[in-house]
Amino acid sequence: MPKRRPVAKRAAAAAPGGPGPVRVTRRVHFNAAHRLYNPAFGKDWNRRQYGPCANPNSHGHNYVVEVTVSGRPDPDSGFTFDLGKLKRILQRSVVDPCDHRNLNEDVPFLKGVIPTAENLAVAFWAEIAPRIRTGRLHCVRLYETPRNFVEYFGPETDPE
Ligand code: NI
């Protein structure tokens, strides 16, 4: 049989600048309680804004978080980012602090945050991003229910 070059090398050879970025994603889940309530406003405003999500004694969700890292695969390992490592980072930065907790009360990095899906995605980004040292954090997608999800692509960067 003729000797064949590995697929990645052939693909790289086909593109003059080498291969572009490849995004890798890890999904984790956790269960938590929350209450949507903005203490700057009264009961009626909160009831209008959040409906039953403002109920005083909280309610729960099965949250799903998908975190995507983007980068060029390392020529030696073939990995954009080691998914085993990403699993451990998400366990430490999101699952351990949030699983089976009340997000309004129990999570230090959510102190003072109204735990909407949007705000959670932004807060999770801030916890995860400093731990991604190869490639870059591309997206935090958070499902609050199977049909409702938000995506966050990171802070605005200053125009140069
Ligand atoms: Ni809710």
# chains A, B, ... in the order shown; residues from 1 in each chain; ligands from 1
call {"tool": "residues_around", "arguments": {"residues": "Val64 in chain A", "least_positions_apart": "4", "cutoff": "9 Å", "atoms": "only C-alpha atoms", "output": "ChimeraX atom specification"}}
result
/A:27-31,141-146,149
call {"tool": "write_last_selection", "arguments": {"atoms": "C-alpha atoms", "output": "PDB file, in the first residue's frame"}}
result
ATOM      1  CA  ARG A  27     -20.669  20.193  28.276  1.00  0.00           C
ATOM      2  CA  VAL A  28     -21.309  20.004  32.018  1.00  0.00           C
ATOM      3  CA  HIS A  29     -24.438  20.215  34.124  1.00  0.00           C
ATOM      4  CA  PHE A  30     -25.479  21.171  37.586  1.00  0.00           C
ATOM      5  CA  ASN A  31     -28.717  21.575  39.553  1.00  0.00           C
ATOM      6  CA  ARG A 141     -23.554  28.756  26.400  1.00  0.00           C
ATOM      7  CA  LEU A 142     -25.908  28.240  29.294  1.00  0.00           C
ATOM      8  CA  TYR A 143     -29.177  26.325  29.082  1.00  0.00           C
ATOM      9  CA  GLU A 144     -31.620  27.155  31.843  1.00  0.00           C
ATOM     10  CA  THR A 145     -34.218  24.830  30.308  1.00  0.00           C
ATOM     11  CA  PRO A 146     -33.941  22.570  27.245  1.00  0.00           C
ATOM     12  CA  PHE A 149     -30.356  29.241  26.430  1.00  0.00           C
TER      13      PHE A 149
END
call {"tool": "select_by_dssp", "arguments": {"residues": "range 27-57 of chain A", "states": "strand (DSSP E)", "output": "PyMOL selection string"}}
result
chain A and resi 27-34
call {"tool": "residues_near_ligand", "arguments": {"ligand": "ligand 1", "cutoff": "9 Å", "atoms": "only C-alpha atoms and all ligand atoms", "output": "list of chain:residue names"}}
result
A:Ala33, A:His34, A:Arg35, A:Leu36, A:Tyr50, A:Pro52, A:Cys53, A:Ala54, A:Ser58, A:His59, A:Gly60, A:His61, A:Pro115, A:Thr116, A:Ala117, A:Glu144, A:Thr145
call {"tool": "write_last_selection", "arguments": {"atoms": "N, CA and C atoms", "output": "mmCIF file, in the first residue's frame"}}
result
data_model
loop_
_atom_site.group_PDB
_atom_site.id
_atom_site.type_symbol
_atom_site.label_atom_id
_atom_site.label_comp_id
_atom_site.auth_asym_id
_atom_site.auth_seq_id
_atom_site.Cartn_x
_atom_site.Cartn_y
_atom_site.Cartn_z
ATOM 1 N N ALA A 33 -30.795 26.148 42.749
ATOM 2 C CA ALA A 33 -31.967 26.986 42.979
ATOM 3 C C ALA A 33 -31.602 28.438 42.742
ATOM 4 N N HIS A 34 -32.604 29.226 42.346
ATOM 5 C CA HIS A 34 -32.384 30.664 42.278
ATOM 6 C C HIS A 34 -33.706 31.393 42.428
ATOM 7 N N ARG A 35 -33.585 32.677 42.635
ATOM 8 C CA ARG A 35 -34.749 33.554 42.659
ATOM 9 C C ARG A 35 -34.358 34.813 41.898
ATOM 10 N N LEU A 36 -35.238 35.237 40.981
ATOM 11 C CA LEU A 36 -34.973 36.473 40.251
ATOM 12 C C LEU A 36 -35.692 37.607 40.971
ATOM 13 N N TYR A 50 -40.495 39.369 36.491
ATOM 14 C CA TYR A 50 -40.003 37.994 36.599
ATOM 15 C C TYR A 50 -41.108 36.953 36.792
ATOM 16 N N PRO A 52 -43.434 34.214 38.228
ATOM 17 C CA PRO A 52 -43.216 33.277 39.341
ATOM 18 C C PRO A 52 -41.738 33.086 39.694
ATOM 19 N N CYS A 53 -40.828 33.507 38.805
ATOM 20 C CA CYS A 53 -39.393 33.393 39.113
ATOM 21 C C CYS A 53 -39.000 34.307 40.272
ATOM 22 N N ALA A 54 -39.910 35.263 40.637
ATOM 23 C CA ALA A 54 -39.631 36.149 41.773
ATOM 24 C C ALA A 54 -40.192 35.579 43.075
ATOM 25 N N SER A 58 -37.640 30.663 46.077
ATOM 26 C CA SER A 58 -36.778 30.114 45.019
ATOM 27 C C SER A 58 -37.409 28.935 44.278
ATOM 28 N N HIS A 59 -36.740 28.547 43.202
ATOM 29 C CA HIS A 59 -37.131 27.367 42.426
ATOM 30 C C HIS A 59 -35.866 26.853 41.766
ATOM 31 N N GLY A 60 -35.936 25.655 41.194
ATOM 32 C CA GLY A 60 -34.703 25.042 40.700
ATOM 33 C C GLY A 60 -34.660 24.875 39.200
ATOM 34 N N HIS A 61 -33.454 24.696 38.688
ATOM 35 C CA HIS A 61 -33.238 24.373 37.279
ATOM 36 C C HIS A 61 -32.171 23.297 37.160
ATOM 37 N N PRO A 115 -29.358 36.240 39.429
ATOM 38 C CA PRO A 115 -28.926 35.054 38.683
ATOM 39 C C PRO A 115 -29.808 34.694 37.484
ATOM 40 N N THR A 116 -29.945 35.644 36.554
ATOM 41 C CA THR A 116 -30.538 35.300 35.263
ATOM 42 C C THR A 116 -29.526 34.466 34.483
ATOM 43 N N ALA A 117 -29.982 33.799 33.446
ATOM 44 C CA ALA A 117 -29.065 33.006 32.624
ATOM 45 C C ALA A 117 -27.979 33.912 32.036
ATOM 46 N N GLU A 144 -30.879 27.151 30.583
ATOM 47 C CA GLU A 144 -31.620 27.155 31.843
ATOM 48 C C GLU A 144 -32.728 26.092 31.776
ATOM 49 N N THR A 145 -33.275 25.916 30.583
ATOM 50 C CA THR A 145 -34.218 24.830 30.308
ATOM 51 C C THR A 145 -33.797 24.272 28.946
#
call {"tool": "residues_around", "arguments": {"residues": "Val113 in chain A", "least_positions_apart": "6", "cutoff": "10 Å", "atoms": "only C-alpha atoms", "output": "NGL selection string"}}
result
:A and (36-38 or 103-104 or 119-120 or 123)
call {"tool": "write_last_selection", "arguments": {"atoms": "N, CA and C atoms", "output": "short mmCIF file (atom, residue, chain, number, x, y, z; two decimals), in the first residue's frame"}}
result
data_model
loop_
_atom_site.label_atom_id
_atom_site.label_comp_id
_atom_site.auth_asym_id
_atom_site.auth_seq_id
_atom_site.Cartn_x
_atom_site.Cartn_y
_atom_site.Cartn_z
N LEU A 36 -35.24 35.24 40.98
CA LEU A 36 -34.97 36.47 40.25
C LEU A 36 -35.69 37.61 40.97
N TYR A 37 -34.92 38.49 41.54
CA TYR A 37 -35.49 39.60 42.31
C TYR A 37 -34.47 40.71 42.37
N ASN A 38 -34.88 41.90 41.95
CA ASN A 38 -33.99 43.05 42.03
C ASN A 38 -34.40 43.91 43.22
N LEU A 103 -28.16 29.81 44.17
CA LEU A 103 -27.26 30.74 43.48
C LEU A 103 -27.33 32.15 44.05
N ASN A 104 -28.43 32.49 44.74
CA ASN A 104 -28.53 33.83 45.35
C ASN A 104 -27.71 33.94 46.64
N ASN A 119 -26.69 36.74 33.26
CA ASN A 119 -25.70 37.12 34.26
C ASN A 119 -24.83 35.94 34.68
N LEU A 120 -25.43 34.75 34.70
CA LEU A 120 -24.64 33.56 35.05
C LEU A 120 -23.58 33.30 33.99
N ALA A 123 -20.76 35.68 34.49
CA ALA A 123 -19.99 35.35 35.69
C ALA A 123 -19.15 34.09 35.48
#
call {"tool": "residues_around", "arguments": {"residues": "Pro21 in chain A", "least_positions_apart": "4", "cutoff": "9 Å", "atoms": "only C-alpha atoms", "output": "list in words"}}
result
Ser70, Gly71, Arg72, Pro73, Thr80 and Gly135 of chain A
call {"tool": "closest_residue", "arguments": {"among": "A:Pro155, A:Gly112, A:Pro75, A:Pro19", "to": "Leu137 in chain A", "atoms": "only C-alpha atoms"}}
result
A:Pro155
call {"tool": "residues_around", "arguments": {"residues": "Ala126 in chain A", "least_positions_apart": "4", "cutoff": "10 Å", "atoms": "only C-alpha atoms", "output": "JSON, numbers by chain"}}
result
{"A": [93, 109, 120, 121, 122, 130, 131, 154, 155]}
call {"tool": "write_last_selection", "arguments": {"atoms": "C-alpha atoms", "output": "PDB file, in the first residue's frame"}}
result
ATOM      1  CA  SER A  93     -14.896  26.822  38.389  1.00  0.00           C
ATOM      2  CA  PHE A 109     -18.570  34.866  42.903  1.00  0.00           C
ATOM      3  CA  LEU A 120     -24.638  33.562  35.050  1.00  0.00           C
ATOM      4  CA  ALA A 121     -22.991  33.186  31.646  1.00  0.00           C
ATOM      5  CA  VAL A 122     -21.019  36.414  32.187  1.00  0.00           C
ATOM      6  CA  PRO A 130      -8.172  33.023  33.336  1.00  0.00           C
ATOM      7  CA  ARG A 131      -7.728  29.228  33.438  1.00  0.00           C
ATOM      8  CA  GLY A 154     -16.728  37.642  26.244  1.00  0.00           C
ATOM      9  CA  PRO A 155     -16.218  41.252  27.239  1.00  0.00           C
TER      10      PRO A 155
END
call {"tool": "decode", "arguments": {"residues": "range 5-89 of chain A", "atoms": "C-alpha atoms", "output": "compact mmCIF listing (two decimals), in the first residue's frame"}}
result
# COMPACT_ATOMS: atom_id res chain seq x y z
CA ARG A 5 0.52 11.32 5.13
CA PRO A 6 -1.66 11.90 8.21
CA VAL A 7 -4.90 13.72 7.46
CA ALA A 8 -3.98 16.85 9.45
CA LYS A 9 -0.72 17.20 7.55
CA ARG A 10 -2.42 16.76 4.20
CA ALA A 11 -5.09 19.33 5.16
CA ALA A 12 -2.39 21.73 6.30
CA ALA A 13 -0.47 21.24 3.10
CA ALA A 14 -3.62 22.02 1.11
CA ALA A 15 -4.06 25.42 2.80
CA PRO A 16 -1.21 27.85 2.13
CA GLY A 17 -1.44 29.43 5.60
CA GLY A 18 -1.94 26.14 7.45
CA PRO A 19 -5.14 25.04 9.13
CA GLY A 20 -7.41 27.63 10.74
CA PRO A 21 -8.72 27.48 14.28
CA VAL A 22 -10.68 24.47 15.50
CA ARG A 23 -13.19 24.93 18.29
CA VAL A 24 -13.65 22.32 20.99
CA THR A 25 -16.58 22.17 23.40
CA ARG A 26 -17.19 20.51 26.74
CA ARG A 27 -20.67 20.19 28.28
CA VAL A 28 -21.31 20.00 32.02
CA HIS A 29 -24.44 20.21 34.12
CA PHE A 30 -25.48 21.17 37.59
CA ASN A 31 -28.72 21.58 39.55
CA ALA A 32 -29.33 24.74 41.50
CA ALA A 33 -31.97 26.99 42.98
CA HIS A 34 -32.38 30.66 42.28
CA ARG A 35 -34.75 33.55 42.66
CA LEU A 36 -34.97 36.47 40.25
CA TYR A 37 -35.49 39.60 42.31
CA ASN A 38 -33.99 43.05 42.03
CA PRO A 39 -33.96 44.60 45.50
CA ALA A 40 -33.67 48.10 43.96
CA PHE A 41 -37.32 47.77 42.92
CA GLY A 42 -40.53 46.90 44.72
CA LYS A 43 -42.50 43.70 44.88
CA ASP A 44 -44.85 44.72 42.06
CA TRP A 45 -42.05 45.59 39.67
CA ASN A 46 -40.34 42.29 40.38
CA ARG A 47 -43.58 40.38 39.97
CA ARG A 48 -44.20 42.07 36.61
CA GLN A 49 -40.64 41.54 35.46
CA TYR A 50 -40.00 37.99 36.60
CA GLY A 51 -43.44 36.45 37.23
CA PRO A 52 -43.22 33.28 39.34
CA CYS A 53 -39.39 33.39 39.11
CA ALA A 54 -39.63 36.15 41.77
CA ASN A 55 -41.38 33.83 44.26
CA PRO A 56 -39.73 34.29 47.65
CA ASN A 57 -38.69 30.70 48.27
CA SER A 58 -36.78 30.11 45.02
CA HIS A 59 -37.13 27.37 42.43
CA GLY A 60 -34.70 25.04 40.70
CA HIS A 61 -33.24 24.37 37.28
CA ASN A 62 -31.18 21.66 35.67
CA TYR A 63 -28.55 23.88 34.13
CA VAL A 64 -26.41 22.79 31.19
CA VAL A 65 -23.24 24.71 30.36
CA GLU A 66 -21.33 24.29 27.11
CA VAL A 67 -17.93 25.92 26.99
CA THR A 68 -16.04 26.35 23.72
CA VAL A 69 -12.33 27.02 23.35
CA SER A 70 -10.95 28.15 20.00
CA GLY A 71 -7.42 27.81 18.70
CA ARG A 72 -5.09 26.14 16.25
CA PRO A 73 -4.43 22.49 17.07
CA ASP A 74 -0.99 21.98 18.54
CA PRO A 75 1.17 20.26 15.90
CA ASP A 76 2.55 17.74 18.41
CA SER A 77 -0.61 16.75 20.32
CA GLY A 78 -3.19 17.54 17.63
CA PHE A 79 -5.30 19.17 20.36
CA THR A 80 -6.72 22.70 20.39
CA PHE A 81 -7.25 22.24 24.12
CA ASP A 82 -7.08 19.03 26.13
CA LEU A 83 -10.75 18.18 26.84
CA GLY A 84 -9.77 16.31 30.00
CA LYS A 85 -8.21 19.50 31.27
CA LEU A 86 -11.28 21.52 30.23
CA LYS A 87 -13.45 19.04 32.13
CA ARG A 88 -11.41 19.64 35.31
CA ILE A 89 -11.47 23.43 34.85
